[in-house]
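> This one is query_9.cif, mmCIF, C-alpha atoms.
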```
data_input
loop_
_atom_site.label_atom_id
_atom_site.label_comp_id
_atom_site.auth_asym_id
_atom_site.auth_seq_id
_atom_site.Cartn_x
_atom_site.Cartn_y
_atom_site.Cartn_z
CA MET A 166 19.66 -3.11 2.20
CA HIS A 167 18.89 -0.71 -0.59
CA GLU A 168 22.17 -0.04 -2.29
CA LEU A 169 20.65 1.74 -5.25
CA SER A 170 18.43 4.07 -3.23
CA LEU A 171 21.31 4.72 -0.83
CA ALA A 172 23.49 5.63 -3.82
CA GLN A 173 20.77 7.99 -5.02
CA GLY A 174 20.62 9.56 -1.57
CA LEU A 175 24.37 10.01 -1.65
CA ILE A 176 24.20 11.68 -5.04
CA ASP A 177 21.49 14.06 -3.81
CA GLN A 178 23.72 14.98 -0.87
CA LEU A 179 26.71 15.51 -3.18
CA THR A 180 24.68 17.78 -5.44
CA ASP A 181 23.80 19.91 -2.41
CA LEU A 182 27.46 20.05 -1.40
CA VAL A 183 28.56 21.17 -4.86
CA ARG A 184 26.02 23.96 -4.76
CA TYR A 185 26.93 24.95 -1.18
CA HIS A 186 30.66 25.07 -1.89
CA LYS A 187 30.09 26.72 -5.29
CA ALA A 188 32.14 24.00 -6.90
CA THR A 189 31.93 22.74 -10.45
CA ARG A 190 32.06 19.04 -9.89
CA VAL A 191 32.84 16.22 -7.49
CA VAL A 192 36.01 14.33 -8.38
CA THR A 193 36.34 11.92 -5.45
CA VAL A 194 33.84 10.59 -2.91
CA ARG A 195 35.11 8.66 0.11
CA VAL A 196 32.58 6.47 1.88
CA ASP A 197 32.99 4.18 4.92
CA ILE A 198 30.77 1.10 4.92
CA GLY A 199 30.39 -0.79 8.17
CA THR A 200 30.77 -4.54 7.80
CA MET A 201 27.57 -5.02 9.85
CA ALA A 202 25.57 -2.42 7.91
CA GLY A 203 24.00 -5.07 5.69
CA ILE A 204 25.21 -3.23 2.59
CA VAL A 205 26.79 -5.14 -0.27
CA THR A 206 29.81 -3.02 -1.26
CA ASP A 207 29.82 -4.10 -4.91
CA SER A 208 26.12 -3.34 -5.26
CA PHE A 209 26.58 0.08 -3.72
CA ALA A 210 29.50 0.87 -6.05
CA PHE A 211 27.51 -0.42 -9.00
CA GLY A 212 24.49 1.66 -8.01
CA PHE A 213 26.60 4.76 -7.59
CA ASP A 214 28.24 4.34 -10.97
CA ALA A 215 24.86 3.80 -12.58
CA VAL A 216 23.09 6.78 -11.03
CA LYS A 217 25.97 9.29 -11.13
CA THR A 218 25.69 9.53 -14.91
CA THR A 219 22.38 11.34 -14.55
CA THR A 220 23.92 14.32 -12.78
CA ASP A 221 26.45 16.48 -14.60
CA CYS A 222 28.45 17.61 -11.56
CA ILE A 223 28.77 14.04 -10.26
CA ARG A 224 29.15 12.01 -13.45
CA GLU A 225 32.95 11.86 -13.31
CA ALA A 226 33.23 11.29 -9.56
CA ASN A 227 35.42 8.45 -8.37
CA LEU A 228 33.94 6.47 -5.48
CA GLU A 229 36.40 5.12 -2.91
CA ILE A 230 34.93 2.69 -0.39
CA LYS A 231 36.57 1.77 2.88
CA GLU A 232 35.16 -1.14 4.86
CA VAL A 233 35.12 -0.31 8.54
CA ALA A 234 33.77 -1.82 11.74
CA GLY A 235 30.21 -1.04 12.73
CA ASP A 236 26.82 -0.86 11.09
CA ASP A 237 26.75 2.58 9.54
CA LEU A 238 27.28 4.02 6.08
CA VAL A 239 29.20 7.28 6.37
CA LEU A 240 30.04 9.89 3.77
CA ALA A 241 33.53 10.64 5.01
CA GLN A 242 35.08 13.05 2.57
CA VAL A 243 34.39 14.74 -0.74
CA VAL A 244 36.94 16.24 -3.13
CA MET A 245 35.54 18.91 -5.40
CA GLU A 246 36.77 21.15 -8.16
CA MET B 196 40.58 15.06 -12.11
CA CYS B 197 43.22 14.85 -14.80
CA ASP B 198 42.10 16.64 -17.95
CA ALA B 199 44.49 14.62 -20.08
CA CYS B 200 43.46 11.10 -19.17
CA GLY B 201 40.52 11.48 -16.74
CA CYS B 202 42.27 9.67 -13.89
CA HIS B 203 41.83 10.54 -10.22
CA ILE B 204 45.40 10.06 -9.02
CA ASN B 205 45.98 13.73 -8.18
CA ASP B 206 42.49 14.70 -7.02
CA ASP B 207 43.55 15.49 -3.47
CA ALA B 208 46.27 17.80 -4.72
CA THR B 209 44.23 19.64 -7.32
CA GLY B 210 40.80 19.67 -5.69
CA LYS B 211 39.16 21.01 -2.56
CA ILE B 212 38.90 18.38 0.17
CA VAL B 213 35.82 18.69 2.36
CA GLU B 214 35.45 16.56 5.50
CA ILE B 215 31.84 15.45 5.93
CA HIS B 216 31.55 12.41 8.26
CA GLN B 217 27.80 12.15 7.97
CA SER B 218 25.81 8.95 8.22
CA LEU B 219 23.72 8.23 5.15
CA LEU B 220 21.52 5.87 7.17
CA ALA B 221 20.73 8.40 9.85
CA ALA B 222 17.94 10.20 8.02
CA ASN B 223 15.43 7.35 8.20
CA ILE B 224 16.37 6.43 11.76
CA GLU B 225 15.88 10.02 12.96
CA GLN B 226 12.51 10.36 11.27
CA ALA B 227 11.43 6.99 12.66
CA GLU B 228 12.16 8.19 16.20
CA LYS B 229 10.08 11.31 15.55
CA ASN B 230 7.26 9.15 14.18
CA ARG B 231 7.35 6.99 17.28
CA LYS B 232 6.97 10.02 19.55
CA HIS B 233 4.23 11.41 17.32
CA ILE B 234 2.30 8.13 17.54
CA GLU B 235 2.70 8.09 21.31
CA ALA B 236 1.38 11.65 21.44
CA MET B 237 -1.71 10.34 19.64
CA GLY B 238 -2.10 7.87 22.52
CA ALA B 239 -1.38 4.89 20.29
CA VAL B 240 1.02 2.08 19.60
CA ALA B 241 1.94 1.41 15.98
CA ILE B 242 2.27 -2.04 14.46
CA ASN B 243 4.25 -2.51 11.24
CA MET B 244 2.85 -5.47 9.27
CA ILE B 245 5.31 -7.06 6.89
CA SER B 246 4.85 -9.98 4.54
CA SER B 247 5.07 -11.11 0.95
CA PRO B 248 2.28 -9.89 -1.34
CA GLY B 249 -0.92 -11.86 -0.79
CA SER B 250 -0.15 -13.32 2.64
CA GLY B 251 -3.36 -11.92 4.07
CA LYS B 252 -2.41 -8.64 5.77
CA THR B 253 -5.46 -6.68 4.60
CA THR B 254 -7.82 -9.59 5.20
CA LEU B 255 -6.47 -9.97 8.73
CA LEU B 256 -7.03 -6.26 9.33
CA GLU B 257 -10.60 -6.49 8.03
CA HIS B 258 -11.36 -9.36 10.43
CA THR B 259 -9.51 -7.71 13.29
CA ILE B 260 -11.65 -4.61 12.88
CA GLU B 261 -14.76 -6.81 12.90
CA HIS B 262 -13.63 -8.44 16.16
CA ILE B 263 -12.46 -5.44 18.17
CA GLY B 264 -13.14 -2.30 16.14
CA ASP B 265 -15.91 -1.20 18.48
CA LYS B 266 -13.71 -1.53 21.60
CA ILE B 267 -10.30 -0.40 20.30
CA ARG B 268 -9.75 2.81 18.34
CA ILE B 269 -8.01 1.60 15.21
CA GLY B 270 -6.33 3.66 12.53
CA VAL B 271 -4.66 2.22 9.46
CA ILE B 272 -1.90 3.42 7.16
CA GLU B 273 -1.80 1.37 3.97
CA GLY B 274 1.34 1.10 1.84
CA ASP B 275 1.32 -0.02 -1.77
CA ILE B 276 3.20 0.78 -4.94
CA GLU B 277 -0.03 1.65 -6.71
CA THR B 278 -3.81 1.79 -6.16
CA GLU B 279 -6.03 2.57 -3.21
CA ARG B 280 -7.54 -0.90 -3.17
CA ASP B 281 -6.41 -1.86 0.31
CA ALA B 282 -7.47 1.47 1.80
CA ASP B 283 -10.88 1.09 0.13
CA ARG B 284 -11.34 -2.27 1.87
CA ILE B 285 -10.46 -0.82 5.27
CA ARG B 286 -12.59 2.27 4.68
CA ALA B 287 -15.55 -0.03 4.07
CA LYS B 288 -15.08 -1.30 7.63
CA GLY B 289 -15.58 2.25 8.94
CA VAL B 290 -12.04 2.81 10.20
CA PRO B 291 -9.92 5.91 9.45
CA VAL B 292 -7.38 4.90 6.84
CA VAL B 293 -4.74 6.57 4.71
CA GLN B 294 -3.30 5.05 1.53
CA LEU B 295 0.36 5.78 0.84
CA THR B 296 1.47 4.92 -2.68
CA THR B 297 5.19 4.80 -3.28
CA GLY B 298 4.95 4.92 -7.06
CA GLY B 299 7.83 2.46 -7.31
CA ALA B 300 9.63 2.05 -4.00
CA CYS B 301 9.26 -1.47 -2.67
CA HIS B 302 8.90 -0.50 0.98
CA LEU B 303 7.53 2.24 3.18
CA ASP B 304 10.04 4.50 4.88
CA ALA B 305 9.86 6.84 7.85
CA PRO B 306 9.42 10.07 5.86
CA LEU B 307 6.43 8.61 3.98
CA VAL B 308 4.85 7.34 7.18
CA HIS B 309 5.37 10.77 8.73
CA LYS B 310 3.15 12.21 5.97
CA GLY B 311 0.68 9.40 6.53
CA LEU B 312 0.42 10.18 10.24
CA HIS B 313 -0.52 13.78 9.51
CA GLN B 314 -3.06 12.66 6.90
CA LEU B 315 -4.55 10.22 9.42
CA GLU B 316 -4.88 12.99 11.99
CA ASN B 317 -6.57 15.25 9.47
CA LEU B 318 -9.34 12.79 8.70
CA SER B 319 -10.11 11.72 12.28
CA ASP B 320 -10.08 13.04 15.82
CA GLY B 321 -6.44 12.01 15.93
CA LYS B 322 -6.90 9.66 18.88
CA PHE B 323 -6.12 5.99 18.44
CA ASP B 324 -5.21 2.94 20.48
CA ILE B 325 -3.55 1.06 17.61
CA ILE B 326 -2.28 2.33 14.30
CA PHE B 327 -1.66 -0.55 11.93
CA ILE B 328 0.84 0.22 9.21
CA GLU B 329 0.40 -2.31 6.41
CA ASN B 330 3.69 -2.28 4.55
CA VAL B 331 4.20 -2.87 0.84
CA GLY B 332 4.02 -6.60 0.12
CA ASN B 333 7.67 -7.62 0.20
CA LEU B 334 9.51 -10.04 2.45
CA VAL B 335 12.92 -8.40 1.98
CA CYS B 336 13.19 -4.63 1.91
CA PRO B 337 10.72 -3.44 4.55
CA ALA B 338 12.84 -5.21 7.18
CA SER B 339 15.54 -2.56 6.78
CA PHE B 340 13.36 0.46 7.44
CA ASP B 341 12.18 1.48 10.89
CA LEU B 342 8.90 3.35 10.37
CA GLY B 343 8.54 4.45 13.97
CA GLU B 344 6.56 1.39 14.97
CA HIS B 345 6.40 -0.11 18.48
CA ASN B 346 5.87 -3.62 17.22
CA ARG B 347 6.70 -5.47 14.04
CA ILE B 348 4.57 -8.40 12.92
CA LEU B 349 5.31 -10.74 10.03
CA LEU B 350 2.79 -12.80 8.16
CA LEU B 351 3.80 -16.02 6.42
CA SER B 352 0.97 -17.82 4.66
CA VAL B 353 0.76 -21.58 4.25
CA PRO B 354 1.10 -21.59 0.42
CA GLU B 355 4.43 -19.71 0.68
CA GLY B 356 6.24 -22.61 2.28
CA SER B 357 7.84 -23.37 5.63
CA ASP B 358 11.39 -22.77 4.38
CA LYS B 359 10.92 -19.01 4.27
CA PRO B 360 12.22 -18.16 7.76
CA ALA B 361 15.54 -19.81 6.95
CA LYS B 362 15.73 -18.03 3.60
CA TYR B 363 14.93 -14.54 4.93
CA PRO B 364 16.85 -14.34 8.21
CA THR B 365 17.02 -10.54 8.51
CA THR B 366 13.27 -10.19 8.14
CA PHE B 367 12.44 -12.91 10.66
CA ASN B 368 15.08 -11.71 13.07
CA GLY B 369 13.68 -8.21 13.30
CA ALA B 370 10.09 -8.99 14.28
CA GLN B 371 8.29 -9.46 17.58
CA ALA B 372 5.59 -11.79 16.24
CA LEU B 373 5.07 -14.16 13.35
CA ILE B 374 1.58 -15.03 12.18
CA ILE B 375 1.32 -18.20 10.12
CA SER B 376 -1.77 -17.35 8.09
CA LYS B 377 -4.24 -19.25 5.91
CA THR B 378 -3.96 -22.32 8.16
CA ASP B 379 -7.18 -23.58 6.60
CA LEU B 380 -5.03 -24.48 3.58
CA LEU B 381 -2.70 -26.82 5.51
CA PRO B 382 -4.34 -29.98 4.07
CA TYR B 383 -3.48 -28.81 0.53
CA PHE B 384 0.16 -27.74 0.88
CA ASP B 385 3.43 -29.25 2.08
CA PHE B 386 3.80 -26.68 4.82
CA SER B 387 5.54 -27.96 7.93
CA LEU B 388 4.45 -25.98 10.98
CA GLU B 389 7.30 -27.66 12.85
CA GLU B 390 9.93 -26.49 10.34
CA ALA B 391 8.62 -22.93 10.13
CA THR B 392 8.41 -22.61 13.90
CA ARG B 393 11.78 -24.21 14.55
CA GLU B 394 13.61 -22.10 11.97
CA ALA B 395 11.92 -18.87 13.05
CA LEU B 396 12.72 -19.47 16.73
CA ARG B 397 16.29 -20.41 15.88
CA LEU B 398 16.70 -16.97 14.33
CA ASN B 399 14.67 -15.17 16.95
CA PRO B 400 14.01 -17.05 20.21
CA GLU B 401 11.82 -14.19 21.50
CA LEU B 402 9.38 -14.45 18.60
CA THR B 403 5.71 -14.98 19.44
CA ILE B 404 4.29 -17.36 16.86
CA LEU B 405 0.56 -17.45 16.11
CA GLN B 406 -1.37 -19.57 13.65
CA LEU B 407 -4.65 -18.43 12.22
CA SER B 408 -7.12 -18.40 9.41
CA ALA B 409 -8.71 -14.97 9.29
CA THR B 410 -11.43 -16.11 6.90
CA LYS B 411 -12.37 -19.18 8.95
CA GLY B 412 -11.81 -17.50 12.32
CA THR B 413 -9.41 -20.13 13.68
CA GLY B 414 -6.75 -18.63 15.91
CA MET B 415 -8.30 -15.15 15.93
CA GLU B 416 -8.86 -15.23 19.70
CA ASP B 417 -5.13 -15.77 20.33
CA TRP B 418 -4.39 -12.90 17.96
CA ILE B 419 -6.73 -10.60 19.90
CA VAL B 420 -5.05 -11.66 23.16
CA TYR B 421 -1.68 -10.85 21.62
CA LEU B 422 -2.89 -7.42 20.50
CA ASP B 423 -4.14 -6.81 24.01
CA SER B 424 -0.67 -7.55 25.35
CA VAL B 425 0.87 -5.13 22.85
CA LEU B 426 -1.54 -2.49 24.11
CA GLY B 427 -0.23 -3.15 27.59
CA GLY B 428 -3.45 -4.63 28.81
CA GLY B 429 -4.45 -8.14 29.75
#
```
Here is a file; write its structure as structure tokens.

Amino acid sequence: MHELSLAQGLIDQLTDLVRYHKATRVVTVRVDIGTMAGIVTDSFAFGFDAVKTTTDCIREANLEIKEVAGDDLVLAQVVME
Amino acid sequence: MCDACGCHINDDATGKIVEIHQSLLAANIEQAEKNRKHIEAMGAVAINMISSPGSGKTTLLEHTIEHIGDKIRIGVIEGDIETERDADRIRAKGVPVVQLTTGGACHLDAPLVHKGLHQLENLSDGKFDIIFIENVGNLVCPASFDLGEHNRILLLSVPEGSDKPAKYPTTFNGAQALIISKTDLLPYFDFSLEEATREALRLNPELTILQLSATKGTGMEDWIVYLDSVLGGG
């Protein structure tokens, strides 16, 4: 699976959320990764950390990954300031 | 986030928590379903062709058009990182074709194919029996992206080696047919038809396996029969 492009997609979604909620930045991102989703958790975390630096309102965000049953990748919760 | 040390220990207390619960994989799946319906509205079935670079996808399409292009209305969507070379080859066969260039992405995805479908409609009467989608040459990534196709066909050419099904299980698992191509080169390579077939069927017992040489014509009749079955005929 495409961890890096998925991370980029996540960051795009987070940028929209910051704008929508008129926040300054994202501080925590909570993501559920299904064990059957075909996504390598470390690669996803690595991709997120690499790409987040390009966006000011995301660059300090902490990614928390929970491995869950199933085959989906879900953005569960976002904490913003 | 703590301004003193930058830690995230108190984020939930100091920040605004927003529940989202949205799938990040859903976007491609939803567009793929729309593509599928769009293709059906055009009267067609779509075939996603996946293989490593150079396995013979475009050559097979050229010869397929020569065999049945006057009986079956064929449209082609070509996917490459750069250039229009494959579309140029198909255009020379007189078939409506669109070239999608990803500019860097190693696979087609449903949103890109959606654009391609509209472009294909714009340059034709929009009525097809088969739309071939020739994916970017890559044996890994295209397997993860539903484009809206009705049928997924892999090509594995003789020079690539018969160990590839075992090494790329996700790709071989997700297809309906496997074409072992360039069979005219069997005398020159250590390709075991038995190994490739056995390993592919172990992963995917429902797989239809064909062997052909598009340039020499061997096996093309079986391929045409298979296409006929995909069209619901025969």
> What does the distance from atom CA of B:Arg397 to atom CA of B:Ala409 come to in Å, to one decimal?
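We find that atom CA of B:Arg397 and atom CA of B:Ala409 lie 26.4 Å from each other.
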> Using all atoms listed in the file, which of B:Cys202, B:Met415, B:Leu405, B:Leu220 sits nearest A:Ile198?
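Smallest distance to A:Ile198 is found for B:Leu220.
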> Return as an MDAnalysis selection string the residues belonging to chain B that are within 8 Å of chain A, counting all atoms listed in the file.
chainID B and resid 196 203 206:207 209:220 336 339
> So that I can check the surroundings of B:Glu273, please list as a ChimeraX atom specification every protein, DNA and RNA residue that reaches within 7 Å of it, counting all atoms listed in the file and ignoring chain neighbours fewer than 5 positions away.
/B:281-282,293-295,328-330
> Neighbouring residues of A:Ile176 were defined as those with any atom within 8 Å, considering all atoms listed in the file; residues of the same chain fewer than 2 positions away were excluded. Please report them as a list in words.
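Skipping anything fewer than 2 positions along the chain leaves Ala172, Gln173, Gly174, Gln178, Leu179, Thr180, Phe213, Val216, Lys217 and Ile223 of chain A.
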> Residue by residue, what does the PyMOL selection byres ((chain B and resi 243) around 8) grab here? Present the result as a PyMOL selection string.
chain B and resi 241-242+244-245+327-330+342+344-348
> So how many Å separate atom CA of B:Asp385 and atom CA of B:Ser408, to one decimal?
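Interatomic distance here is 16.8 Å.
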> Could you please determine the separation between atom CA of B:Gly311 and atom CA of B:Thr296 in Å, to one decimal place?
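We find that atom CA of B:Gly311 and atom CA of B:Thr296 lie 10.3 Å from each other.
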> Any idea what's packed within 12 Å of B:Arg286, counting all atoms listed in the file, ignoring anything in its chain fewer than 2 positions away? Could you give it as a ChimeraX atom specification?
/B:253,256-257,260,269-273,279-284,288-294,318
> Restricting the output to C-alpha atoms, write the selected residues as a compact mmCIF listing (two decimals), in the coordinates of the input.

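Written output follows (result14.txt):
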```
# COMPACT_ATOMS: atom_id res chain seq x y z
CA THR B 253 -5.46 -6.68 4.60
CA LEU B 256 -7.03 -6.26 9.33
CA GLU B 257 -10.60 -6.49 8.03
CA ILE B 260 -11.65 -4.61 12.88
CA ILE B 269 -8.01 1.60 15.21
CA GLY B 270 -6.33 3.66 12.53
CA VAL B 271 -4.66 2.22 9.46
CA ILE B 272 -1.90 3.42 7.16
CA GLU B 273 -1.80 1.37 3.97
CA GLU B 279 -6.03 2.57 -3.21
CA ARG B 280 -7.54 -0.90 -3.17
CA ASP B 281 -6.41 -1.86 0.31
CA ALA B 282 -7.47 1.47 1.80
CA ASP B 283 -10.88 1.09 0.13
CA ARG B 284 -11.34 -2.27 1.87
CA LYS B 288 -15.08 -1.30 7.63
CA GLY B 289 -15.58 2.25 8.94
CA VAL B 290 -12.04 2.81 10.20
CA PRO B 291 -9.92 5.91 9.45
CA VAL B 292 -7.38 4.90 6.84
CA VAL B 293 -4.74 6.57 4.71
CA GLN B 294 -3.30 5.05 1.53
CA LEU B 318 -9.34 12.79 8.70
```
